[in-house]
Structure formats: C-alpha cells, structure tokens
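So this one's work.pdb, PDB, C-alpha atoms (C1' of nucleotides):
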MODEL        1
ATOM      1  CA  MET A   1     -10.243  13.821   4.783
ATOM      2  CA  PRO A   2     -12.113  14.664   7.908
ATOM      3  CA  VAL A   3     -10.393  16.837  10.484
ATOM      4  CA  ASP A   4     -12.760  16.289  13.378
ATOM      5  CA  HIS A   5     -11.169  14.344  16.147
ATOM      6  CA  LEU A   6     -13.827  11.653  16.355
ATOM      7  CA  SER A   7     -13.567  10.811  12.666
ATOM      8  CA  ILE A   8      -9.808  10.512  12.944
ATOM      9  CA  THR A   9     -10.132   8.253  15.969
ATOM     10  CA  PHE A  10     -12.747   6.016  14.361
ATOM     11  CA  ALA A  11     -10.687   5.788  11.187
ATOM     12  CA  ALA A  12      -7.617   4.792  13.179
ATOM     13  CA  LEU A  13      -9.624   2.055  14.886
ATOM     14  CA  ALA A  14     -11.082   0.746  11.638
ATOM     15  CA  ASP A  15      -8.055  -1.415  10.912
ATOM     16  CA  PRO A  16      -7.493  -4.787  12.616
ATOM     17  CA  THR A  17      -3.711  -4.432  12.585
ATOM     18  CA  ARG A  18      -3.934  -1.133  14.414
ATOM     19  CA  ARG A  19      -6.396  -2.497  16.960
ATOM     20  CA  ALA A  20      -4.068  -5.456  17.517
ATOM     21  CA  ILE A  21      -1.212  -3.019  18.123
ATOM     22  CA  LEU A  22      -3.254  -1.153  20.711
ATOM     23  CA  SER A  23      -4.192  -4.423  22.354
ATOM     24  CA  ARG A  24      -0.533  -5.410  22.481
ATOM     25  CA  LEU A  25       0.364  -2.097  24.090
ATOM     26  CA  VAL A  26      -1.972  -2.839  26.969
ATOM     27  CA  SER A  27       0.740  -5.107  28.331
ATOM     28  CA  GLY A  28       3.288  -2.306  28.180
ATOM     29  CA  GLU A  29       5.623  -0.286  26.039
ATOM     30  CA  ALA A  30       7.067  -1.947  22.940
ATOM     31  CA  SER A  31       9.539  -1.168  20.169
ATOM     32  CA  VAL A  32       8.466  -1.013  16.541
ATOM     33  CA  THR A  33      10.250  -4.276  15.825
ATOM     34  CA  GLU A  34       8.446  -5.994  18.676
ATOM     35  CA  LEU A  35       5.129  -4.626  17.491
ATOM     36  CA  ALA A  36       5.809  -5.755  13.932
ATOM     37  CA  GLU A  37       6.769  -9.314  14.883
ATOM     38  CA  PRO A  38       3.256 -10.890  14.991
ATOM     39  CA  PHE A  39       2.283  -9.543  11.579
ATOM     40  CA  ASP A  40       3.023 -10.762   8.099
ATOM     41  CA  MET A  41       3.920  -7.273   7.041
ATOM     42  CA  THR A  42       7.048  -5.202   6.441
ATOM     43  CA  MET A  43       8.391  -2.669   8.918
ATOM     44  CA  PRO A  44       7.428   0.399   6.889
ATOM     45  CA  ALA A  45       3.840  -0.792   6.926
ATOM     46  CA  ILE A  46       3.920  -0.983  10.720
ATOM     47  CA  SER A  47       5.626   2.403  10.836
ATOM     48  CA  LYS A  48       2.726   3.835   8.879
ATOM     49  CA  HIS A  49       0.157   2.237  11.140
ATOM     50  CA  LEU A  50       1.957   3.694  14.129
ATOM     51  CA  LYS A  51       1.936   7.099  12.524
ATOM     52  CA  VAL A  52      -1.824   6.856  12.090
ATOM     53  CA  LEU A  53      -2.248   5.824  15.713
ATOM     54  CA  GLU A  54       0.078   8.572  16.872
ATOM     55  CA  HIS A  55      -1.776  11.156  14.797
ATOM     56  CA  ALA A  56      -5.006   9.988  16.405
ATOM     57  CA  GLY A  57      -3.411  10.465  19.811
ATOM     58  CA  LEU A  58      -3.769   6.794  20.646
ATOM     59  CA  VAL A  59      -0.062   6.111  20.877
ATOM     60  CA  ALA A  60       2.870   8.178  22.130
ATOM     61  CA  ARG A  61       6.510   7.554  21.521
ATOM     62  CA  ASP A  62       9.682   7.992  23.498
ATOM     63  CA  ARG A  63      13.266   7.661  22.389
ATOM     64  CA  HIS A  64      15.864   5.470  23.964
ATOM     65  CA  ALA A  65      18.964   5.259  21.789
ATOM     66  CA  GLN A  66      17.925   3.833  18.416
ATOM     67  CA  TRP A  67      14.647   2.541  19.792
ATOM     68  CA  ARG A  68      11.477   4.583  19.623
ATOM     69  CA  PRO A  69       9.228   2.701  22.002
ATOM     70  CA  CYS A  70       5.470   3.140  21.764
ATOM     71  CA  ARG A  71       2.982   3.310  24.561
ATOM     72  CA  LEU A  72      -0.768   3.467  24.708
ATOM     73  CA  THR A  73      -2.432   6.839  25.289
ATOM     74  CA  ALA A  74      -6.068   5.934  25.501
ATOM     75  CA  ALA A  75      -7.611   9.353  26.140
ATOM     76  CA  PRO A  76      -9.282   9.624  22.705
ATOM     77  CA  LEU A  77     -11.129   6.415  23.449
ATOM     78  CA  GLU A  78     -13.070   8.243  26.112
ATOM     79  CA  ASP A  79     -14.680  10.349  23.391
ATOM     80  CA  VAL A  80     -15.572   7.184  21.534
ATOM     81  CA  ALA A  81     -17.102   5.711  24.670
ATOM     82  CA  ASP A  82     -19.068   8.888  25.259
ATOM     83  CA  TRP A  83     -20.310   9.015  21.691
ATOM     84  CA  VAL A  84     -21.422   5.414  21.561
ATOM     85  CA  ASP A  85     -23.068   5.696  24.946
ATOM     86  CA  HIS A  86     -25.680   8.032  23.475
ATOM     87  CA  TYR A  87     -26.986   5.034  21.562
ATOM     88  CA  ARG A  88     -26.956   2.571  24.451
ATOM     89  CA  ARG A  89     -30.696   2.549  24.976
ATOM     90  CA  PHE A  90     -31.114   1.529  21.335
ATOM     91  CA  TRP A  91     -29.396  -1.772  21.742
ATOM     92  CA  GLU A  92     -30.393  -2.578  25.307
ATOM     93  CA  GLU A  93     -33.686  -4.318  26.129
ATOM     94  CA  ASN A  94     -34.675  -5.031  22.537
ATOM     95  CA  LEU A  95     -35.395  -1.396  21.981
ATOM     96  CA  ASP A  96     -34.584  -1.802  18.297
ATOM     97  CA  ARG A  97     -37.922  -3.514  17.772
ATOM     98  CA  LEU A  98     -39.782  -0.944  19.804
ATOM     99  CA  GLY A  99     -38.038   1.785  17.825
ATOM    100  CA  GLY A 100     -39.150   0.124  14.618
ATOM    101  CA  PHE A 101     -42.707   0.036  15.850
ATOM    102  CA  LEU A 102     -42.682   3.679  16.869
ATOM    103  CA  SER A 103     -41.159   4.665  13.534
ATOM    104  CA  GLN A 104     -43.831   2.664  11.805
ATOM    105  CA  LEU A 105     -46.536   4.736  13.464
ATOM    106  CA  GLN A 106     -44.658   7.893  12.567
ATOM    107  CA  THR A 107     -44.484   6.849   8.932
ATOM    108  CA  GLU A 108     -48.159   6.029   8.756
ATOM    109  CA  GLU A 109     -48.873   9.519   9.946
ATOM    110  CA  LYS A 110     -46.515  11.011   7.398
ATOM    111  CA  LYS A 111     -48.209   9.097   4.603
ATOM    112  CA  ARG A 112     -51.552  10.395   5.673
ATOM    113  CA  GLY A 113     -49.997  13.845   5.641
ATOM    114  CA  HIS A 114     -48.715  13.360   2.109
ATOM    115  CA  THR A 115     -51.956  12.186   0.531
ATOM    116  CA  LYS A 116     -53.813  15.049   2.108
ATOM    117  CA  ARG A 117     -51.304  17.723   1.236
ATOM    118  CA  LYS A 118     -52.503  20.891  -0.442
ATOM    119  CA  ARG A 119     -55.653  20.206   1.473
ATOM    120  CA  LYS A 120     -56.329  23.889   2.022
TER     121      LYS A 120
ATOM    122  CA  MET B   1     -10.885  -4.157   2.799
ATOM    123  CA  PRO B   2     -11.391  -5.706   6.138
ATOM    124  CA  VAL B   3     -14.150  -8.245   6.566
ATOM    125  CA  ASP B   4     -14.248  -8.359  10.340
ATOM    126  CA  HIS B   5     -17.383  -6.852  11.735
ATOM    127  CA  LEU B   6     -15.670  -4.411  14.066
ATOM    128  CA  SER B   7     -13.545  -2.908  11.300
ATOM    129  CA  ILE B   8     -16.607  -2.432   9.138
ATOM    130  CA  THR B   9     -18.442  -0.755  11.998
ATOM    131  CA  PHE B  10     -15.573   1.564  12.870
ATOM    132  CA  ALA B  11     -15.102   2.471   9.215
ATOM    133  CA  ALA B  12     -18.793   3.297   8.904
ATOM    134  CA  LEU B  13     -18.533   5.555  11.946
ATOM    135  CA  ALA B  14     -15.420   7.333  10.688
ATOM    136  CA  ASP B  15     -17.419   9.778   8.575
ATOM    137  CA  PRO B  16     -19.159  12.815  10.071
ATOM    138  CA  THR B  17     -22.003  12.700   7.566
ATOM    139  CA  ARG B  18     -22.782   9.127   8.495
ATOM    140  CA  ARG B  19     -22.634   9.854  12.210
ATOM    141  CA  ALA B  20     -24.959  12.811  11.659
ATOM    142  CA  ILE B  21     -27.369  10.506   9.858
ATOM    143  CA  LEU B  22     -27.345   8.078  12.773
ATOM    144  CA  SER B  23     -27.898  10.941  15.162
ATOM    145  CA  ARG B  24     -30.842  12.111  13.098
ATOM    146  CA  LEU B  25     -32.348   8.629  13.147
ATOM    147  CA  VAL B  26     -32.451   8.713  16.940
ATOM    148  CA  SER B  27     -35.543  10.864  16.599
ATOM    149  CA  GLY B  28     -37.225   8.288  14.387
ATOM    150  CA  GLU B  29     -37.512   6.838  10.920
ATOM    151  CA  ALA B  30     -36.717   9.090   7.967
ATOM    152  CA  SER B  31     -36.789   8.966   4.192
ATOM    153  CA  VAL B  32     -33.629   9.381   2.127
ATOM    154  CA  THR B  33     -34.749  12.831   1.025
ATOM    155  CA  GLU B  34     -35.323  13.898   4.610
ATOM    156  CA  LEU B  35     -31.929  12.572   5.605
ATOM    157  CA  ALA B  36     -30.246  14.355   2.717
ATOM    158  CA  GLU B  37     -31.819  17.715   3.447
ATOM    159  CA  PRO B  38     -29.313  19.053   6.040
ATOM    160  CA  PHE B  39     -26.299  18.267   3.856
ATOM    161  CA  ASP B  40     -24.738  20.138   0.984
ATOM    162  CA  MET B  41     -24.511  16.950  -0.970
ATOM    163  CA  THR B  42     -26.348  15.214  -3.792
ATOM    164  CA  MET B  43     -28.780  12.376  -3.237
ATOM    165  CA  PRO B  44     -26.535   9.658  -4.673
ATOM    166  CA  ALA B  45     -23.905  10.610  -2.122
ATOM    167  CA  ILE B  46     -26.420  10.115   0.668
ATOM    168  CA  SER B  47     -27.576   6.877  -0.936
ATOM    169  CA  LYS B  48     -24.008   5.631  -0.779
ATOM    170  CA  HIS B  49     -23.602   6.644   2.842
ATOM    171  CA  LEU B  50     -26.794   4.799   3.658
ATOM    172  CA  LYS B  51     -25.532   1.718   1.872
ATOM    173  CA  VAL B  52     -22.385   1.814   4.015
ATOM    174  CA  LEU B  53     -24.458   2.168   7.177
ATOM    175  CA  GLU B  54     -26.797  -0.598   6.072
ATOM    176  CA  HIS B  55     -23.890  -2.887   5.255
ATOM    177  CA  ALA B  56     -22.518  -2.220   8.735
ATOM    178  CA  GLY B  57     -25.889  -3.185  10.182
ATOM    179  CA  LEU B  58     -26.395   0.265  11.677
ATOM    180  CA  VAL B  59     -29.417   1.111   9.580
ATOM    181  CA  ALA B  60     -32.319  -0.943   8.282
ATOM    182  CA  ARG B  61     -34.760  -0.016   5.585
ATOM    183  CA  ASP B  62     -38.428  -0.592   4.955
ATOM    184  CA  ARG B  63     -40.476   0.117   1.879
ATOM    185  CA  HIS B  64     -43.634   2.139   1.729
ATOM    186  CA  ALA B  65     -44.568   2.947  -1.833
ATOM    187  CA  GLN B  66     -41.725   4.873  -3.410
ATOM    188  CA  TRP B  67     -40.198   5.682  -0.046
ATOM    189  CA  ARG B  68     -37.543   3.519   1.485
ATOM    190  CA  PRO B  69     -37.473   4.828   5.047
ATOM    191  CA  CYS B  70     -34.416   4.216   7.205
ATOM    192  CA  ARG B  71     -34.297   3.399  10.864
ATOM    193  CA  LEU B  72     -31.514   2.989  13.366
ATOM    194  CA  THR B  73     -30.383  -0.528  14.283
ATOM    195  CA  ALA B  74     -27.802   0.093  16.921
ATOM    196  CA  ALA B  75     -26.810  -3.473  17.798
ATOM    197  CA  PRO B  76     -23.311  -3.230  16.255
ATOM    198  CA  LEU B  77     -22.591  -0.322  18.562
ATOM    199  CA  GLU B  78     -22.702  -2.715  21.479
ATOM    200  CA  ASP B  79     -19.594  -4.410  20.104
ATOM    201  CA  VAL B  80     -17.930  -1.027  19.848
ATOM    202  CA  ALA B  81     -18.864  -0.230  23.430
ATOM    203  CA  ASP B  82     -17.540  -3.591  24.582
ATOM    204  CA  TRP B  83     -14.288  -3.163  22.696
ATOM    205  CA  VAL B  84     -13.599   0.322  23.931
ATOM    206  CA  ASP B  85     -14.485  -0.646  27.476
ATOM    207  CA  HIS B  86     -11.403  -2.851  27.644
ATOM    208  CA  TYR B  87      -9.358   0.354  27.583
ATOM    209  CA  ARG B  88     -11.384   2.253  30.125
ATOM    210  CA  ARG B  89      -8.853   1.952  32.917
ATOM    211  CA  PHE B  90      -6.259   3.552  30.642
ATOM    212  CA  TRP B  91      -8.053   6.838  30.416
ATOM    213  CA  GLU B  92      -9.578   6.956  33.863
ATOM    214  CA  GLU B  93      -7.669   8.321  36.856
ATOM    215  CA  ASN B  94      -4.639   9.538  34.908
ATOM    216  CA  LEU B  95      -3.487   6.010  34.349
ATOM    217  CA  ASP B  96      -1.782   7.070  31.146
ATOM    218  CA  ARG B  97       1.026   8.611  33.133
ATOM    219  CA  LEU B  98       1.268   5.597  35.410
ATOM    220  CA  GLY B  99       1.346   3.360  32.362
ATOM    221  CA  GLY B 100       4.153   5.417  30.940
ATOM    222  CA  PHE B 101       6.078   5.084  34.162
ATOM    223  CA  LEU B 102       5.594   1.324  34.308
ATOM    224  CA  SER B 103       6.624   0.957  30.683
ATOM    225  CA  GLN B 104       9.675   3.036  31.429
ATOM    226  CA  LEU B 105      10.802   0.551  34.068
ATOM    227  CA  GLN B 106      10.102  -2.284  31.678
ATOM    228  CA  THR B 107      12.240  -0.699  28.981
ATOM    229  CA  GLU B 108      15.128  -0.079  31.349
ATOM    230  CA  GLU B 109      15.086  -3.758  32.176
ATOM    231  CA  LYS B 110      15.007  -4.712  28.545
ATOM    232  CA  LYS B 111      18.011  -2.519  27.809
ATOM    233  CA  ARG B 112      19.916  -4.172  30.585
ATOM    234  CA  GLY B 113      18.948  -7.463  29.027
ATOM    235  CA  HIS B 114      20.254  -6.371  25.648
ATOM    236  CA  THR B 115      23.663  -5.181  26.765
ATOM    237  CA  LYS B 116      24.194  -8.326  28.756
ATOM    238  CA  ARG B 117      22.939 -10.736  26.153
ATOM    239  CA  LYS B 118      25.031 -13.755  25.226
ATOM    240  CA  ARG B 119      26.294 -13.441  28.739
ATOM    241  CA  LYS B 120      26.383 -17.163  29.421
TER     242      LYS B 120
ATOM    243  C1'  DA C   1      36.401   4.700  11.071
ATOM    244  C1'  DG C   2      33.411   0.900   9.836
ATOM    245  C1'  DG C   3      29.666  -2.168  10.683
ATOM    246  C1'  DT C   4      25.246  -3.394  12.728
ATOM    247  C1'  DT C   5      20.679  -2.513  14.388
ATOM    248  C1'  DA C   6      16.302   0.272  14.603
ATOM    249  C1'  DA C   7      13.397   2.927  12.385
ATOM    250  C1'  DT C   8      11.893   6.281   8.938
ATOM    251  C1'  DT C   9      11.402   8.255   4.323
ATOM    252  C1'  DA C  10      10.743   8.145  -0.668
ATOM    253  C1'  DA C  11       8.719   6.450  -4.554
ATOM    254  C1'  DC C  12       5.565   3.599  -6.322
ATOM    255  C1'  DC C  13       1.298   0.587  -7.007
ATOM    256  C1'  DT C  14      -3.504  -0.849  -6.683
ATOM    257  C1'  DA C  15      -7.852  -0.512  -4.492
ATOM    258  C1'  DT C  16     -11.214   1.929  -2.036
ATOM    259  C1'  DC C  17     -13.585   6.348  -0.635
ATOM    260  C1'  DG C  18     -16.379  10.140  -1.203
ATOM    261  C1'  DG C  19     -18.093  12.840  -4.231
ATOM    262  C1'  DT C  20     -20.092  14.191  -8.950
ATOM    263  C1'  DT C  21     -23.459  14.018 -13.295
ATOM    264  C1'  DA C  22     -26.430  11.494 -16.066
ATOM    265  C1'  DT C  23     -29.499   7.735 -16.514
ATOM    266  C1'  DA C  24     -32.708   4.210 -14.896
ATOM    267  C1'  DT C  25     -36.272   2.135 -11.982
ATOM    268  C1'  DA C  26     -40.427   2.039  -9.410
ATOM    269  C1'  DA C  27     -44.527   3.599  -7.479
ATOM    270  C1'  DC C  28     -47.919   6.964  -7.295
ATOM    271  C1'  DA C  29     -51.202  10.731  -9.402
ATOM    272  C1'  DA C  30     -53.880  12.920 -13.265
TER     273       DA C  30
ATOM    274  C1'  DT D   1     -51.022   7.059 -20.715
ATOM    275  C1'  DT D   2     -48.247  10.580 -19.241
ATOM    276  C1'  DG D   3     -46.025  12.873 -15.855
ATOM    277  C1'  DT D   4     -44.050  13.357 -11.214
ATOM    278  C1'  DT D   5     -41.707  11.966  -7.068
ATOM    279  C1'  DA D   6     -38.357   9.047  -4.526
ATOM    280  C1'  DT D   7     -34.518   6.516  -4.890
ATOM    281  C1'  DA D   8     -30.904   3.740  -6.966
ATOM    282  C1'  DT D   9     -27.334   2.651 -10.399
ATOM    283  C1'  DA D  10     -23.545   3.523 -13.700
ATOM    284  C1'  DA D  11     -19.673   5.711 -15.007
ATOM    285  C1'  DC D  12     -16.383   8.662 -13.856
ATOM    286  C1'  DC D  13     -12.861  11.408 -10.998
ATOM    287  C1'  DG D  14      -9.334  12.947  -7.657
ATOM    288  C1'  DA D  15      -7.615  11.858  -3.179
ATOM    289  C1'  DT D  16      -6.483   8.691   0.389
ATOM    290  C1'  DA D  17      -5.316   4.000   2.338
ATOM    291  C1'  DG D  18      -2.509   0.221   2.800
ATOM    292  C1'  DG D  19       0.883  -2.168   1.167
ATOM    293  C1'  DT D  20       5.601  -2.925  -1.263
ATOM    294  C1'  DT D  21      10.953  -2.262  -2.244
ATOM    295  C1'  DA D  22      14.945   0.550  -1.962
ATOM    296  C1'  DA D  23      17.441   4.070   0.139
ATOM    297  C1'  DT D  24      18.348   7.038   4.314
ATOM    298  C1'  DT D  25      19.024   8.473   9.000
ATOM    299  C1'  DA D  26      20.507   7.746  13.619
ATOM    300  C1'  DA D  27      22.516   5.580  17.385
ATOM    301  C1'  DC D  28      25.119   1.968  19.091
ATOM    302  C1'  DC D  29      29.390  -1.267  19.175
ATOM    303  C1'  DT D  30      34.011  -2.690  18.142
TER     304       DT D  30
ENDMDL
END

Entire entry expressed as structure tokens:
Amino acid sequence: MPVDHLSITFAALADPTRRAILSRLVSGEASVTELAEPFDMTMPAISKHLKVLEHAGLVARDRHAQWRPCRLTAAPLEDVADWVDHYRRFWEENLDRLGGFLSQLQTEEKKRGHTKRKRK
Amino acid sequence: MPVDHLSITFAALADPTRRAILSRLVSGEASVTELAEPFDMTMPAISKHLKVLEHAGLVARDRHAQWRPCRLTAAPLEDVADWVDHYRRFWEENLDRLGGFLSQLQTEEKKRGHTKRKRK
DNA sequence: AGGTTAATTAACCTATCGGTTATATAACAA
DNA sequence: TTGTTATATAACCGATAGGTTAATTAACCT
C-alpha cells in the first residue's frame, strides 16, 4: 500500500472503469447515478471507484440535496505528465534501438571487467 | 485483471520500486542483481517486478551467459503521455475552478429540469 | 408522517499483489 | 566433475482490489 502520491495516482488510473469516469467528467459534472449508467455494474461498485478517484485527488464532490455530483480535478495528472516526460526521448526517434546498442557496448565492457576481475 | 494495454501500463507504473527500476535503466542496461542492489528486498521480489515491467513492455531482456540484462523500452509510455495530454487543459491556467463553475451552472439547469419534469 | 430517490456503508467473496523462503535451472570456472 | 554465480520458479502468506447483496442514511415530495 504505497503512500506516495504518484503511486496512488497511477493505481487510480490503472482501471478502465475509472478512466472512463474521468473521460465522462470532461463534459461536465455528473451525479453518481449518471456516471454508473454506462456500466454493467452496481452502484456500490461505482461508489467505490469514485472513492478511489477522490482519494487520488482526481475527482471532487459537491452536494446538492440528495445528489453528490462529481467533477474532474485534474491537477494530479500534471505530476503524471511530468514524470512520463522524463522518458520522452526514449520513445521518440527510435531511440529505443540506439539505447539497446549503447547498452550492448556497456555490457561488453562489463563482461570484460568480470573475466579480468581479481586481476591485481 | 484488465487486459487493455493502458491499464497494464498504469498498473506497472503504480509501484515505486518498479518506477525506480525504470529510472535506473535510463542510465543503461543492468543485470537483475545490479537492479536489486538499492532495495531492501529479496531477488525473487525483484524478479517479479521485472516480469511485470516486461509484461507491460517497459523492459526488454537479453541474455549474456548467466546474466539476463534488462533495458528500458519506453514505447508504452507514449500511450500514457497521449492519454494524459487529453486532460492538460484541465490543470493548466486554473481551469479546474472554471470547470467547477461551468458544472455548477449545468447542475442548476438539471435541477430545474427535474422539478419541472412531466410538465407536459 | 410516510414514501421515494440518491448514495453510502457493511459484510462478504474471490482473485491478484507484493513479499517471503526454499528449491531448481543454467552457465561459467577450477 | 564439482562448485559457484545469476536468475527463475514453486509454494506459501497476509493484505488489498474489485465486485456482489442487503441494510442504512439523507434529503426530497406529498
């Protein structure tokens, strides 16, 4: 049970139902019943998903009478964007292959190091 | 047990140990033992983490003698970046508050709709 | 007050997660 | 051949995830 924010955010995003809920909230506030409608799932299940999203800070809730409408609060996604951006150069411009090649060289060197260890 | 690629990727990223492993691999290929070294964790635990990363397509493995060196394959992170980018406008320029305000209006209208329903 | 609607909570179930220890495999080194 | 090093697999364990049904809370409407 990780407590770091990023882990909680990633975990919240690792479920297709929850991502669909977020995507729905892009078009505006919605009640729990409205959010539940597209899914073949009971209300308590949706309630739980919302609690996960709320705990991750991805959703906030208001109260109007017996409704507790949800809205998107996307701030935590900025951290995700920042994190993933550190790896951008590794998927752009076929750098994966280049990386493999560089690592290959590195490994060759390490092997040489191993066979010659205790050389002194 | 989601099978969609994005869920698998997010789930793989939702663990700090696994993210630390990816971050280590930025500086080049590494053996399992090398990867395990910084963590207070047994080798089988690291082996399992690597299997998760490999299954998510975030890590690839070669074989050199009894070593099975790992390297970063960041391609799946592009999908993450693309997904999260759809929400960018919601965290930039304080749009969260604006969104809340817009949703507020929307809800007011809906309530009016409810109380007047069956009007015809 | 009594009923309806919206949502949550409680209790439960099964499966997966993240770790362990102990054992096995595979390649090298003497 | 025998041992050593690197890694993986098996079996297990407690905790969490994701769902269910049934009961509860809360606000509205007659």

Per-residue nearest contacts of chain A to chain B (7 Å; all atoms listed in the file) as a tab-separated table:
residue	atom	partner	partner_atom	distance
A:Ser7	CA	B:Ala14	CA	4.4
A:Ile8	CA	B:Ala14	CA	6.8
A:Phe10	CA	B:Ala14	CA	4.7
A:Ala11	CA	B:Ala14	CA	5.0
A:Leu13	CA	B:Phe10	CA	6.3
A:Ala14	CA	B:Ser7	CA	4.4
A:Asp15	CA	B:Ser7	CA	5.7
A:Pro16	CA	B:Ser7	CA	6.5
A:Gly28	CA	B:Ser103	CA	5.3
A:Glu29	CA	B:Ser103	CA	4.9
A:Arg71	CA	B:Gly100	CA	6.8
A:Thr73	CA	B:Asp96	CA	5.9
A:Ala74	CA	B:Trp91	CA	5.4
A:Ala75	CA	B:Trp91	CA	5.0
A:Leu77	CA	B:Val84	CA	6.6
A:Glu78	CA	B:Trp91	CA	6.8
A:Ala81	CA	B:Ala81	CA	6.3
A:Val84	CA	B:Ala81	CA	6.5
A:Tyr87	CA	B:Ala74	CA	6.8
A:Phe90	CA	B:Ala74	CA	5.7
A:Trp91	CA	B:Ala75	CA	5.0
A:Asp96	CA	B:Thr73	CA	5.9
A:Gly100	CA	B:Arg71	CA	7.0
A:Ser103	CA	B:Glu29	CA	5.0

For D:DA26, list every protein, DNA or RNA residue within 12 Å, evaluated using only C-alpha atoms (C1' of nucleotides), and leave out those in the same chain fewer than 5 positions away; present the list as a PyMOL selection string.
-> (chain A and resi 63-68) or (chain C and resi 5-8)

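All protein, DNA and RNA residues at most 9 Å from (-1.5, -1.9, 1.3) are A:Ala45, C:DT14, C:DA15, D:DA17, D:DG18, D:DG19, D:DT20, using only C-alpha atoms (C1' of nucleotides).
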
Can I get the selection written as a short mmCIF file (atom, residue, chain, number, x, y, z; two decimals), in the coordinates of the input, with C-alpha atoms (C1' of nucleotides)?
data_model
loop_
_atom_site.label_atom_id
_atom_site.label_comp_id
_atom_site.auth_asym_id
_atom_site.auth_seq_id
_atom_site.Cartn_x
_atom_site.Cartn_y
_atom_site.Cartn_z
CA ALA A 45 3.84 -0.79 6.93
"C1'" DT C 14 -3.50 -0.85 -6.68
"C1'" DA C 15 -7.85 -0.51 -4.49
"C1'" DA D 17 -5.32 4.00 2.34
"C1'" DG D 18 -2.51 0.22 2.80
"C1'" DG D 19 0.88 -2.17 1.17
"C1'" DT D 20 5.60 -2.92 -1.26
#

Please evaluate the PyMOL selection byres ((chain D and resi 4) around 8) against the structure above and give the resulting residues as a PyMOL selection string.
-> (chain C and resi 29) or (chain D and resi 3+5)

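Near chain B, within 12 Å and counting all atoms listed in the file, the residues of chain C are C:DT5, C:DA15, C:DT16, C:DC17, C:DG18, C:DG19, C:DT20, C:DT21, C:DA22, C:DT25, C:DA26, C:DA27, C:DC28.
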
Evaluate the PyMOL selection byres ((chain D) within 9 of (chain B)) and record the selected residues as a compact mmCIF listing (two decimals) with C-alpha atoms (C1' of nucleotides), in the frame of the given file, following the chain and residue labels used in the document.
# COMPACT_ATOMS: atom_id res chain seq x y z
C1' DT D 5 -41.71 11.97 -7.07
C1' DA D 6 -38.36 9.05 -4.53
C1' DT D 7 -34.52 6.52 -4.89
C1' DA D 8 -30.90 3.74 -6.97

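Atom to atom, atom C1' of C:DA10 and atom C1' of D:DA23 stand 7.9 Å apart.
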
Could you write out as AutoDock Vina command-line options the box around stretch 7-14 of chain C (axis-aligned, all atoms listed in the file, 6 Å on each side), with centre and edge lengths in Å to one decimal?
--center_x 4.9 --center_y 3.7 --center_z 2.7 --size_x 28.9 --size_y 21.1 --size_z 31.4

To one decimal in Å, tell me the separation between atom CA of B:Ala36 and atom CA of B:Arg18.
-> 10.8 Å

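The interatomic distance for the pair atom C1' of D:DT24 and atom CA of A:Ile46 works out to 17.7 Å.
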
With the input short on atoms, add N, CA and C atoms back to stretch 34-49 of chain B and write it as a PDB file, keeping the file's coordinate frame.
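Saved file out_18.pdb follows:
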ATOM      1  N   GLU B  34     -35.397  13.214   3.323  1.00  0.00           N
ATOM      2  CA  GLU B  34     -35.323  13.898   4.610  1.00  0.00           C
ATOM      3  C   GLU B  34     -33.914  13.860   5.180  1.00  0.00           C
ATOM      4  N   LEU B  35     -33.280  12.704   5.058  1.00  0.00           N
ATOM      5  CA  LEU B  35     -31.929  12.572   5.605  1.00  0.00           C
ATOM      6  C   LEU B  35     -30.936  13.443   4.844  1.00  0.00           C
ATOM      7  N   ALA B  36     -31.179  13.593   3.549  1.00  0.00           N
ATOM      8  CA  ALA B  36     -30.246  14.355   2.717  1.00  0.00           C
ATOM      9  C   ALA B  36     -30.344  15.852   2.964  1.00  0.00           C
ATOM     10  N   GLU B  37     -31.513  16.284   3.373  1.00  0.00           N
ATOM     11  CA  GLU B  37     -31.819  17.715   3.447  1.00  0.00           C
ATOM     12  C   GLU B  37     -30.766  18.570   4.152  1.00  0.00           C
ATOM     13  N   PRO B  38     -30.259  18.174   5.334  1.00  0.00           N
ATOM     14  CA  PRO B  38     -29.313  19.053   6.040  1.00  0.00           C
ATOM     15  C   PRO B  38     -27.963  19.171   5.359  1.00  0.00           C
ATOM     16  N   PHE B  39     -27.663  18.328   4.382  1.00  0.00           N
ATOM     17  CA  PHE B  39     -26.299  18.267   3.856  1.00  0.00           C
ATOM     18  C   PHE B  39     -26.189  18.929   2.504  1.00  0.00           C
ATOM     19  N   ASP B  40     -25.037  19.528   2.273  1.00  0.00           N
ATOM     20  CA  ASP B  40     -24.738  20.138   0.984  1.00  0.00           C
ATOM     21  C   ASP B  40     -24.134  19.064   0.090  1.00  0.00           C
ATOM     22  N   MET B  41     -24.985  18.170  -0.344  1.00  0.00           N
ATOM     23  CA  MET B  41     -24.511  16.950  -0.970  1.00  0.00           C
ATOM     24  C   MET B  41     -25.637  16.404  -1.826  1.00  0.00           C
ATOM     25  N   THR B  42     -25.303  15.739  -2.923  1.00  0.00           N
ATOM     26  CA  THR B  42     -26.348  15.214  -3.792  1.00  0.00           C
ATOM     27  C   THR B  42     -26.952  13.938  -3.200  1.00  0.00           C
ATOM     28  N   MET B  43     -28.102  13.581  -3.725  1.00  0.00           N
ATOM     29  CA  MET B  43     -28.780  12.376  -3.237  1.00  0.00           C
ATOM     30  C   MET B  43     -27.949  11.107  -3.411  1.00  0.00           C
ATOM     31  N   PRO B  44     -27.324  10.892  -4.553  1.00  0.00           N
ATOM     32  CA  PRO B  44     -26.535   9.658  -4.673  1.00  0.00           C
ATOM     33  C   PRO B  44     -25.459   9.532  -3.592  1.00  0.00           C
ATOM     34  N   ALA B  45     -24.894  10.667  -3.192  1.00  0.00           N
ATOM     35  CA  ALA B  45     -23.905  10.610  -2.122  1.00  0.00           C
ATOM     36  C   ALA B  45     -24.534  10.077  -0.842  1.00  0.00           C
ATOM     37  N   ILE B  46     -25.724  10.596  -0.526  1.00  0.00           N
ATOM     38  CA  ILE B  46     -26.420  10.115   0.668  1.00  0.00           C
ATOM     39  C   ILE B  46     -26.790   8.643   0.519  1.00  0.00           C
ATOM     40  N   SER B  47     -27.258   8.280  -0.654  1.00  0.00           N
ATOM     41  CA  SER B  47     -27.576   6.877  -0.936  1.00  0.00           C
ATOM     42  C   SER B  47     -26.383   5.985  -0.619  1.00  0.00           C
ATOM     43  N   LYS B  48     -25.207   6.437  -1.034  1.00  0.00           N
ATOM     44  CA  LYS B  48     -24.008   5.631  -0.779  1.00  0.00           C
ATOM     45  C   LYS B  48     -23.709   5.537   0.716  1.00  0.00           C
ATOM     46  N   HIS B  49     -23.837   6.667   1.398  1.00  0.00           N
ATOM     47  CA  HIS B  49     -23.602   6.644   2.842  1.00  0.00           C
ATOM     48  C   HIS B  49     -24.559   5.667   3.513  1.00  0.00           C
TER      49      HIS B  49
END
